[in-house]
Amino acid sequence: MVTLTEIKGKKVKLTGAIIMLILVAVMAYFPMLHKNHMTTDELKESLKETAWERDSGNGEEARLFTPFGDLLIAEKSKDEKLTSKSCWSTYKVIDGNTINVTLMPGDEVIEHSKYKGKHTVKIVDDNTLIFDGKTYHKANYEKWQNLGYDDSAWEN
């Protein structure tokens with residue numbers, strides 16, 4: 001006949017085994033959670049000299065990050081001109097998924113004021129960026145750089 005002490009001993013061993021399995025699963029999952037969050041330096045390096053674009057329905061929207069901390073926030077109409085919503089600004093990486101945008105001195109266009117401040121940025125993979133919840137895809141850096149610096153590419 002089985003005594004009460006033997007039953008309690010088996011329950012303790014089973015409970016211990018379950019707790020150990022749970023701990024191993026949590027420890028294996030924790031590093032995967034960390035991989036989804038970049039460090040400040042990783043985000044700085046990943047954004048440097050990249051361009052990202054998306055179809056906005058009325059044309060294209062783009063974000064161009066220069067190696068010097070400048071950011072072109074561009075909206076290109078279907079007639080291939082950068083609209084009045086487009087502007088050059090500067091950005092600073094605050095943490096692994098946040099940048100702070102500052103307008104260029106003298107930029108007093110009301111439409112541009114919405115770009116000032118903190119923005120969430122997440123690089124999902126080599127070809128996908130999420131900027132304030134909108135998904136952008138890797139674009140040709142030179143194309144957007146040339147548009148940004150070409151005065152004739154901007155609407156009057």
# chains A, B, ... in the order shown; residues from 1 in each chain; ligands from 1
>>> residues_around(residues="A:Asp132", least_positions_apart="3", cutoff="10 Å", atoms="only C-alpha atoms", output="list in words")
Thr98, Lys118, His119, Thr120, Val121, Lys122, Leu129 and Thr135 of chain A
>>> select_by_dssp(residues="chain A", states="alpha helix (DSSP H)", output="PyMOL selection string")
chain A and resi 4-35+40-47+141-149
>>> select_by_dssp(residues="chain A", states="strand (DSSP E)", output="PyMOL selection string")
chain A and resi 50-55+59-65+70-77+87-95+98-103+117-125+128-131+134-138
>>> residues_around(residues="A:Tyr141", least_positions_apart="2", cutoff="7 Å", atoms="only C-alpha atoms", output="mmCIF file with N, CA, C and O atoms, in the first residue's frame")
data_model
loop_
_atom_site.group_PDB
_atom_site.id
_atom_site.type_symbol
_atom_site.label_atom_id
_atom_site.label_comp_id
_atom_site.auth_asym_id
_atom_site.auth_seq_id
_atom_site.Cartn_x
_atom_site.Cartn_y
_atom_site.Cartn_z
ATOM 1 N N THR A 50 20.022 56.040 -45.716
ATOM 2 C CA THR A 50 18.973 55.169 -46.246
ATOM 3 C C THR A 50 17.792 56.011 -46.710
ATOM 4 O O THR A 50 17.589 57.133 -46.241
ATOM 5 N N ALA A 51 17.018 55.443 -47.623
ATOM 6 C CA ALA A 51 15.786 56.068 -48.094
ATOM 7 C C ALA A 51 14.683 55.023 -48.053
ATOM 8 O O ALA A 51 14.922 53.838 -48.327
ATOM 9 N N ALA A 139 14.155 52.249 -50.530
ATOM 10 C CA ALA A 139 14.106 52.988 -51.788
ATOM 11 C C ALA A 139 15.518 53.325 -52.240
ATOM 12 O O ALA A 139 16.489 53.148 -51.495
ATOM 13 N N LYS A 143 18.088 58.603 -55.715
ATOM 14 C CA LYS A 143 16.875 59.176 -56.319
ATOM 15 C C LYS A 143 16.277 60.246 -55.408
ATOM 16 O O LYS A 143 16.021 61.375 -55.834
ATOM 17 N N TRP A 144 16.079 59.899 -54.142
ATOM 18 C CA TRP A 144 15.450 60.839 -53.209
ATOM 19 C C TRP A 144 16.410 61.956 -52.811
ATOM 20 O O TRP A 144 15.993 63.093 -52.596
ATOM 21 N N GLN A 145 17.675 61.659 -52.733
ATOM 22 C CA GLN A 145 18.662 62.691 -52.431
ATOM 23 C C GLN A 145 18.682 63.732 -53.556
ATOM 24 O O GLN A 145 18.663 64.938 -53.307
#
>>> residues_around(residues="A:Leu64", least_positions_apart="6", cutoff="12 Å", atoms="only C-alpha atoms", output="NGL selection string")
:A and (47-53 or 70-75 or 86-91 or 129 or 131 or 136-149)
>>> closest_residue(among="A:Lys11, A:His112, A:Arg54, A:Lys92", to="A:Phe68", atoms="only C-alpha atoms")
A:Lys92
>>> atom_distance(atom1="atom CA of A:Ile99", atom2="atom CA of A:Glu61")
18.2 Å
>>> atom_distance(atom1="atom CA of A:Asn97", atom2="atom CA of A:Tyr115")
16.4 Å
>>> closest_atom_pairs(of="stretch 54-136 of chain A", to="stretch 152-156 of chain A", cutoff="9 Å", atoms="only C-alpha atoms", output="CSV")
residue,atom,partner,partner_atom,distance
A:Lys76,CA,A:Trp154,CA,8.8
A:Glu80,CA,A:Ala153,CA,7.5
A:Lys81,CA,A:Ala153,CA,5.1
A:Leu82,CA,A:Trp154,CA,4.6
A:Thr83,CA,A:Glu155,CA,5.5
A:Ser84,CA,A:Glu155,CA,6.6
A:Ser86,CA,A:Trp154,CA,8.5
>>> write_last_selection(atoms="N, CA, C and O atoms", output="CSV table (one decimal), in the first residue's frame")
chain,number,residue,atom,x,y,z
A,76,LYS,N,5.8,63.2,-52.8
A,76,LYS,CA,5.9,63.5,-54.3
A,76,LYS,C,4.5,63.2,-54.9
A,76,LYS,O,3.9,62.2,-54.7
A,80,GLU,N,5.3,64.1,-60.3
A,80,GLU,CA,6.8,63.9,-60.0
A,80,GLU,C,7.4,65.1,-59.3
A,80,GLU,O,8.6,65.3,-59.3
A,81,LYS,N,6.6,66.0,-58.7
A,81,LYS,CA,7.1,67.2,-58.0
A,81,LYS,C,7.0,66.9,-56.5
A,81,LYS,O,6.0,66.3,-56.0
A,82,LEU,N,7.9,67.4,-55.7
A,82,LEU,CA,7.8,67.4,-54.2
A,82,LEU,C,6.8,68.5,-53.8
A,82,LEU,O,6.9,69.6,-54.2
A,83,THR,N,5.8,68.1,-53.0
A,83,THR,CA,4.8,69.0,-52.7
A,83,THR,C,5.2,69.9,-51.5
A,83,THR,O,6.3,69.8,-50.9
A,84,SER,N,4.3,70.9,-51.2
A,84,SER,CA,4.6,71.8,-50.1
A,84,SER,C,4.7,71.1,-48.8
A,84,SER,O,5.1,71.7,-47.8
A,86,SER,N,6.5,68.7,-48.2
A,86,SER,CA,7.9,68.1,-48.1
A,86,SER,C,8.8,69.1,-47.4
A,86,SER,O,8.6,70.3,-47.6
